[in-house]
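Q: Coordinates in input_36.txt, compact mmCIF, C-alpha atoms and all ligand atoms, are listed below.
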# COMPACT_ATOMS: atom_id res chain seq x y z
CA MET A 742 258.70 111.39 144.05
CA ARG A 743 258.21 107.63 143.68
CA ALA A 744 256.72 107.35 147.16
CA LEU A 745 254.40 110.26 146.42
CA LEU A 746 253.26 108.74 143.13
CA THR A 747 252.58 105.40 144.83
CA LYS A 748 250.49 107.23 147.43
CA ILE A 749 248.47 108.92 144.69
CA GLU A 750 247.94 105.59 142.91
CA GLN A 751 246.62 104.09 146.17
CA ALA A 752 244.60 107.13 147.31
CA ALA A 753 241.13 105.58 147.39
CA GLY A 754 239.85 108.86 148.84
CA LEU A 755 240.08 110.33 145.33
CA ASP A 756 237.57 107.83 143.99
CA ARG A 757 234.44 109.66 145.12
CA VAL A 758 235.41 112.75 143.17
CA GLY A 759 236.81 110.62 140.35
CA ASP A 760 233.67 108.49 139.98
CA ARG A 761 231.43 111.58 139.87
CA LEU A 762 233.65 113.31 137.35
CA GLN A 763 233.80 110.15 135.24
CA ARG A 764 230.00 109.99 135.08
CA ALA A 765 229.80 113.69 134.23
CA VAL A 766 232.39 113.36 131.44
CA GLN A 767 230.68 110.31 129.98
CA ALA A 768 227.32 112.10 130.05
CA ALA A 769 228.70 115.30 128.54
CA LEU A 770 230.81 113.78 125.75
CA ARG A 771 228.16 112.24 123.53
CA PRO A 772 227.51 110.86 120.98
CA GLN A 773 230.08 108.15 120.35
CA ARG A 774 231.51 109.95 117.31
CA VAL A 775 232.48 112.90 119.53
CA ARG A 776 234.31 110.54 121.87
CA ASP A 777 235.99 108.80 118.92
CA LEU A 778 237.09 112.16 117.51
CA LEU A 779 238.65 113.13 120.85
CA HIS A 780 240.27 109.71 121.40
CA GLY A 781 242.01 110.04 118.01
CA VAL A 782 240.34 107.04 116.32
CA TRP A 783 240.41 108.94 112.99
CA LEU A 784 244.16 109.49 113.49
CA GLY A 785 245.00 105.91 114.53
CA HIS A 786 246.85 107.46 117.47
CA PRO A 787 245.78 109.04 120.77
CA LEU A 788 244.96 112.70 120.16
CA HIS A 789 245.57 114.17 123.63
CA PRO A 790 249.40 113.78 123.65
CA ALA A 791 249.59 115.43 120.22
CA MET A 792 247.33 118.33 121.23
CA VAL A 793 249.27 119.21 124.37
CA GLN A 794 252.32 120.05 122.25
CA VAL A 795 250.74 123.40 121.34
CA PRO A 796 250.18 124.83 124.86
CA VAL A 797 253.44 123.35 126.15
CA GLY A 798 255.43 124.84 123.26
CA ALA A 799 253.69 128.22 123.46
CA TRP A 800 254.06 128.51 127.24
CA MET A 801 257.71 127.41 127.22
CA SER A 802 258.49 129.93 124.47
CA ALA A 803 256.65 132.68 126.39
CA ALA A 804 258.76 131.88 129.47
CA LEU A 805 261.93 132.44 127.42
CA LEU A 806 260.63 135.68 125.91
CA ASP A 807 259.59 136.91 129.37
CA ALA A 808 263.25 136.67 130.37
CA MET A 809 264.31 138.95 127.47
CA PRO A 810 263.82 142.70 127.17
CA GLY A 811 261.37 144.13 124.60
CA GLN A 812 259.39 140.94 124.00
CA ARG A 813 256.16 141.75 125.83
CA ARG A 814 253.85 141.63 122.82
CA ALA A 815 255.29 138.36 121.52
CA ALA A 816 255.14 136.77 125.00
CA THR A 817 251.52 137.91 125.41
CA ALA A 818 250.59 136.41 122.03
CA LEU A 819 252.17 133.08 122.99
CA VAL A 820 250.42 133.03 126.38
CA ALA A 821 247.12 133.61 124.52
CA VAL A 822 247.83 130.78 122.04
CA GLY A 823 248.82 128.40 124.85
CA THR A 824 245.79 129.25 126.97
CA ALA A 825 243.31 128.86 124.11
CA SER A 826 244.83 125.59 122.87
CA ALA A 827 244.97 124.06 126.37
CA VAL A 828 241.17 123.91 126.56
CA PRO A 829 240.52 121.40 123.71
CA ALA A 830 243.62 119.44 124.79
CA ALA A 831 242.11 119.15 128.28
CA VAL A 832 238.76 117.98 126.88
CA ALA A 833 240.53 115.25 124.86
CA GLY A 834 242.46 114.25 128.00
CA LEU A 835 239.27 114.03 130.08
CA ASN A 836 237.71 111.83 127.41
CA ASP A 837 240.67 109.40 127.60
CA TRP A 838 240.73 109.61 131.41
CA ALA A 839 237.08 108.51 131.74
CA ALA A 840 237.93 105.09 130.22
CA LEU A 841 240.94 104.35 132.46
CA ASP A 842 241.01 101.99 135.43
CA ARG A 843 240.82 103.21 139.01
CA GLU A 844 244.53 103.57 139.82
CA GLN A 845 245.14 105.36 136.55
CA ARG A 846 242.16 107.64 137.16
CA ARG A 847 243.55 108.66 140.56
CA VAL A 848 246.84 109.80 139.02
CA GLY A 849 244.93 111.29 136.10
CA LEU A 850 242.82 113.34 138.50
CA VAL A 851 245.89 114.92 140.10
CA HIS A 852 247.40 115.41 136.60
CA ALA A 853 244.21 117.24 135.57
CA ALA A 854 244.14 119.30 138.79
CA SER A 855 247.77 120.45 138.29
CA ASN A 856 247.07 121.42 134.71
CA THR A 857 243.87 123.23 135.70
CA VAL A 858 245.87 125.31 138.19
CA GLY A 859 248.41 125.97 135.43
CA LEU A 860 245.65 127.00 133.00
CA ALA A 861 244.06 129.31 135.59
CA CYS A 862 247.44 130.97 136.20
CA TYR A 863 247.95 131.50 132.47
CA ALA A 864 244.40 132.88 132.06
CA GLY A 865 245.18 135.32 134.89
CA SER A 866 248.52 136.11 133.29
CA LEU A 867 246.84 136.92 129.99
CA ALA A 868 244.28 139.17 131.69
CA ALA A 869 247.06 140.99 133.58
CA ARG A 870 249.16 141.50 130.44
CA LEU A 871 246.19 142.80 128.46
CA SER A 872 245.49 145.34 131.19
CA GLY A 873 249.10 146.53 131.18
CA ARG A 874 250.27 144.76 134.36
CA HIS A 875 253.13 142.90 132.73
CA ASN A 876 255.10 142.14 135.88
CA LEU A 877 252.08 140.42 137.43
CA GLY A 878 251.47 138.64 134.09
CA ARG A 879 255.03 137.35 134.07
CA THR A 880 254.83 136.11 137.67
CA LEU A 881 251.55 134.30 137.04
CA ALA A 882 252.97 132.73 133.88
CA TYR A 883 255.97 131.33 135.76
CA LEU A 884 253.63 129.94 138.43
CA GLY A 885 251.51 128.42 135.68
CA LEU A 886 254.56 126.87 134.07
CA GLY A 887 255.46 125.24 137.40
CA ALA A 888 251.96 123.77 137.81
CA ALA A 889 251.80 122.62 134.18
CA SER A 890 255.25 121.00 134.52
CA ALA A 891 254.04 119.03 137.56
CA GLY A 892 251.02 118.01 135.46
CA ALA A 893 253.30 116.91 132.62
CA TYR A 894 255.37 114.80 135.04
CA LEU A 895 252.20 113.04 136.20
CA GLY A 896 251.11 112.59 132.58
CA GLY A 897 254.42 110.86 131.88
CA HIS A 898 253.85 108.57 134.85
CA LEU A 899 250.36 107.75 133.57
CA ALA A 900 251.65 106.80 130.12
CA TYR A 901 255.03 105.24 130.80
CA LYS A 902 254.53 103.60 134.18
CA GLN A 903 250.81 102.92 134.24
CA GLY A 904 250.37 102.33 130.49
CA ALA A 905 247.41 104.68 130.01
CA GLN A 906 246.39 105.01 126.33
CA VAL A 907 249.42 103.09 125.09
CA ASN A 908 248.93 100.00 122.94
CA GLN A 909 248.63 97.21 125.52
CA SER A 910 248.65 94.33 123.07
CA ILE A 911 251.62 95.00 120.81
CA SER A 912 254.13 93.51 123.28
CA GLU A 913 252.30 90.19 122.77
CA ALA A 914 253.26 90.27 119.09
CA HIS A 915 256.95 90.42 120.07
CA ARG A 916 256.57 87.04 121.80
CA ILE A 917 255.49 85.27 118.62
CA GLY A 918 258.43 83.47 117.02
CA ASP A 919 259.49 84.03 113.41
CA GLY A 920 258.04 81.93 110.60
CA TRP A 921 254.70 80.32 109.88
CA HIS A 922 252.64 78.72 112.66
CA PRO A 923 249.88 76.17 111.92
CA VAL A 924 246.61 77.03 113.70
CA GLY A 925 244.25 74.31 112.44
CA ASP A 926 242.33 72.95 109.46
CA LEU A 927 240.62 75.65 107.44
CA ALA A 928 237.61 73.38 106.82
CA ALA A 929 237.07 72.97 110.59
CA LEU A 930 236.77 76.73 111.17
CA PRO A 931 233.18 77.94 111.57
CA ASP A 932 232.12 80.75 109.23
CA ARG A 933 231.64 84.21 110.79
CA GLU A 934 232.37 83.16 114.36
CA LEU A 935 235.25 84.09 116.61
CA VAL A 936 237.62 81.27 117.51
CA THR A 937 240.49 81.64 119.97
CA ARG A 938 243.87 79.91 119.52
CA GLU A 939 247.34 80.20 121.05
CA ILE A 940 250.62 80.74 119.21
CA ASP A 941 253.73 80.59 121.39
CA ASP A 942 251.45 81.22 124.41
CA VAL A 943 250.04 84.34 122.75
CA SER A 944 246.28 84.35 122.38
CA VAL A 945 244.89 85.21 118.93
CA ILE A 946 241.40 85.28 117.46
CA LEU A 947 240.46 83.74 114.13
CA TYR A 948 237.51 84.96 112.08
CA ARG A 949 236.62 83.16 108.87
CA HIS A 950 234.62 85.01 106.26
CA GLY A 951 234.24 82.79 103.20
CA ASP A 952 237.66 81.73 101.95
CA ASP A 953 239.44 84.45 103.92
CA VAL A 954 240.49 84.21 107.54
CA THR A 955 241.56 87.12 109.72
CA VAL A 956 243.94 86.36 112.55
CA MET A 957 244.50 89.11 115.12
CA LEU A 958 245.89 89.43 118.63
CA GLU A 959 243.21 88.70 121.19
CA ARG A 960 244.22 91.25 123.84
CA CYS A 961 242.57 94.62 123.27
CA PRO A 962 245.10 97.44 122.70
CA HIS A 963 243.17 99.65 125.14
CA GLN A 964 243.41 97.74 128.44
CA SER A 965 244.02 94.10 127.40
CA GLY A 966 240.35 93.11 127.35
CA PRO A 967 239.61 89.65 125.83
CA LEU A 968 238.42 90.30 122.26
CA GLY A 969 237.70 86.55 121.94
CA GLN A 970 234.74 87.12 124.27
CA GLY A 971 233.56 90.13 122.29
CA GLU A 972 230.53 90.46 120.10
CA VAL A 973 230.78 90.43 116.29
CA ARG A 974 228.83 93.31 114.74
CA GLU A 975 228.39 94.54 111.18
CA ILE A 976 229.35 98.23 110.96
CA ASP A 977 229.30 100.08 107.61
CA GLY A 978 229.42 96.75 105.79
CA HIS A 979 232.42 95.46 107.76
CA PRO A 980 232.32 92.66 110.33
CA CYS A 981 233.80 94.07 113.54
CA VAL A 982 234.67 92.73 116.97
CA VAL A 983 233.54 94.79 119.97
CA CYS A 984 235.68 94.56 123.11
CA PRO A 985 233.55 93.36 126.06
CA TRP A 986 235.26 95.74 128.52
CA HIS A 987 234.87 99.29 127.17
CA GLY A 988 233.54 98.82 123.66
CA SER A 989 236.61 99.47 121.47
CA THR A 990 235.72 98.12 118.04
CA PHE A 991 238.00 96.73 115.32
CA GLN A 992 237.31 95.67 111.75
CA LEU A 993 237.74 91.96 111.20
CA ASN A 994 238.22 92.12 107.44
CA SER A 995 240.57 95.03 106.81
CA GLY A 996 243.72 95.08 108.84
CA GLY A 997 242.22 95.41 112.33
CA LYS A 998 241.32 99.06 111.76
CA VAL A 999 239.93 100.70 114.88
CA VAL A 1000 236.33 101.89 114.36
CA HIS A 1001 235.37 103.04 117.86
CA GLY A 1002 237.47 103.94 120.92
CA PRO A 1003 238.54 104.29 123.62
CA ALA A 1004 241.39 102.45 121.84
CA ALA A 1005 242.96 104.76 119.28
CA ASN A 1006 245.29 102.17 117.72
CA ASP A 1007 244.45 99.55 115.13
CA GLN A 1008 244.65 95.99 116.36
CA GLN A 1009 247.62 93.92 115.12
CA VAL A 1010 246.61 91.48 112.40
CA LEU A 1011 248.79 88.52 111.34
CA ALA A 1012 249.49 87.27 107.82
CA THR A 1013 247.79 84.01 106.78
CA ARG A 1014 248.15 81.27 104.18
CA VAL A 1015 246.64 77.83 103.64
CA VAL A 1016 248.94 74.86 102.98
CA HIS A 1017 247.28 71.51 102.21
CA GLY A 1018 244.12 72.68 103.94
CA VAL A 1019 245.93 73.84 107.08
CA LEU A 1020 245.70 77.51 108.05
CA GLU A 1021 249.07 79.02 108.93
CA THR A 1022 249.83 82.44 110.31
CA ARG A 1023 252.84 84.59 111.06
CA LEU A 1024 253.80 88.12 111.97
CA PRO A 1025 253.57 90.36 108.90
S1 LIG A 1101 240.00 96.87 127.20
FE1 LIG A 1101 239.03 98.79 127.08
S2 LIG A 1101 238.02 98.68 125.20
FE2 LIG A 1101 239.04 96.82 125.30
Let's see the structure in the file written out as structure tokens.
A:
Amino acid sequence: MRALLTKIEQAAGLDRVGDRLQRAVQAALRPQRVRDLLHGVWLGHPLHPAMVQVPVGAWMSAALLDAMPGQRRAATALVAVGTASAVPAAVAGLNDWAALDREQRRVGLVHAASNTVGLACYAGSLAARLSGRHNLGRTLAYLGLGAASAGAYLGGHLAYKQGAQVNQSISEAHRIGDGWHPVGDLAALPDRELVTREIDDVSVILYRHGDDVTVMLERCPHQSGPLGQGEVREIDGHPCVVCPWHGSTFQLNSGGKVVHGPAANDQQVLATRVVHGVLETRLP
């Protein structure tokens, strides 16, 4: 399996299809608030992995009921629930996929193809059951479960090996030592401008607004983009930093709250204090 996954990651032949699909997804999923909704910005957590629990649970339960006598109606109901709920879960997944890098998109494309085969099998299974052909419905459901399981395996590879839609910056926080770290004279910090500093070799950005200073990790939680090179924008009365790579946006004055995706996580903010005019920061 490892060799196969490496081949998929390196399969440049998938890029033509992938690039076209990416453009189509980006054109279809507008405006930004639709994309943010599907990324899970409102939840502070990626939405796709949460949504897939419904079809996976329904289809797995249907597979168990299909192996028992007298459970046709219940199994049919679960196949219907799983099939209907897989559609919005797939749309949320496509929205995340369109903001991944090339190698991740290749694996994501095969993940989506496996799940599409699974969904088609379950749609056929539902149609067969509703027309009274329960044996065919059961066979199609088991085929669908096999395809969806292959898709789930690839989804795990995307998240846990390739780091798709996981917080890319939080591991930086673990490298910052305990206690307070001086980062410079408060008076020398420019007002309402981003300044980059290093603490224990971890890059952070400083943003002074009046007497308050926000210190946050510089690496974007989406794909490690350099927030220090981002633009500062006022959104709904809050100063925000916009990642220069894919536009994830984080508030600079209220705990690093994510405002726009593709990142779905808030950015890690550090605690601050001023001692004899020197700004100090530490992990909260
Ligand atoms: S790296 Fe993708 S939005 Fe920042």
Q: Name the closest residue to Ser912 (chain A) among the candidates A:Ser989, A:Thr1013, A:Ser995, A:Ser965; distances are taken between atoms, counting only C-alpha atoms.
A: A:Ser965
Q: Given a cut-off of 8 Å, what residues near ligand LIG 1101 (chain A) show up using all atoms listed in the file, put as number ranges by chain?
A: A: 840-841, 960-968, 983-990, 1002-1004
Q: Excluding Gly951 (chain A) and residues on its chain fewer than 4 positions from it, collect all residues at most 12 Å away from it, counting all atoms listed in the file, and give them as a ChimeraX atom specification.
A: /A:927-928,930-934,955,994
Q: Skip Leu770 (chain A) itself and residues of its chain fewer than 3 positions away, then list as JSON, numbers by chain all residues within 12 Å of it, counting all atoms listed in the file.
A: {"A": [762, 763, 764, 765, 766, 767, 773, 774, 775, 776, 777, 778, 779, 780, 832, 833, 834, 835, 836, 837, 839]}
Q: Pick the closest to Val820 (chain A) from A:Ala882, A:Leu993, A:Leu784, A:Ala808: which is it, counting all atoms listed in the file?
A: A:Ala882
Q: Show me, as JSON, the centre and edge lengths in Å to one decimal of the axis-aligned box that covers every listed atom of region 913-925 of chain A with 3 Å on each side.
A:
{"center_x": 251.9, "center_y": 82.4, "center_z": 116.3, "size_x": 21.2, "size_y": 22.1, "size_z": 18.9}
Q: Which residue is closest to Glu1021 (chain A)? Choose from A:Trp783, A:Trp838, A:Tyr894, A:Trp921 and count only C-alpha atoms.
A: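 Smallest distance to Glu1021 (chain A) is found for A:Trp921.
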Q: One decimal, Å: what's the distance from CA of Ile917 (chain A) over to CA of Ala1012 (chain A), could you say?
A: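 Result for CA of Ile917 (chain A) versus CA of Ala1012 (chain A): 12.5 Å, one decimal.
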Q: Between CA of Lys748 (chain A) and CA of Ala827 (chain A), what distance in Å does the model show, to one decimal?
A: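 Straight-line distance from CA of Lys748 (chain A) to CA of Ala827 (chain A) works out to 27.5 Å.
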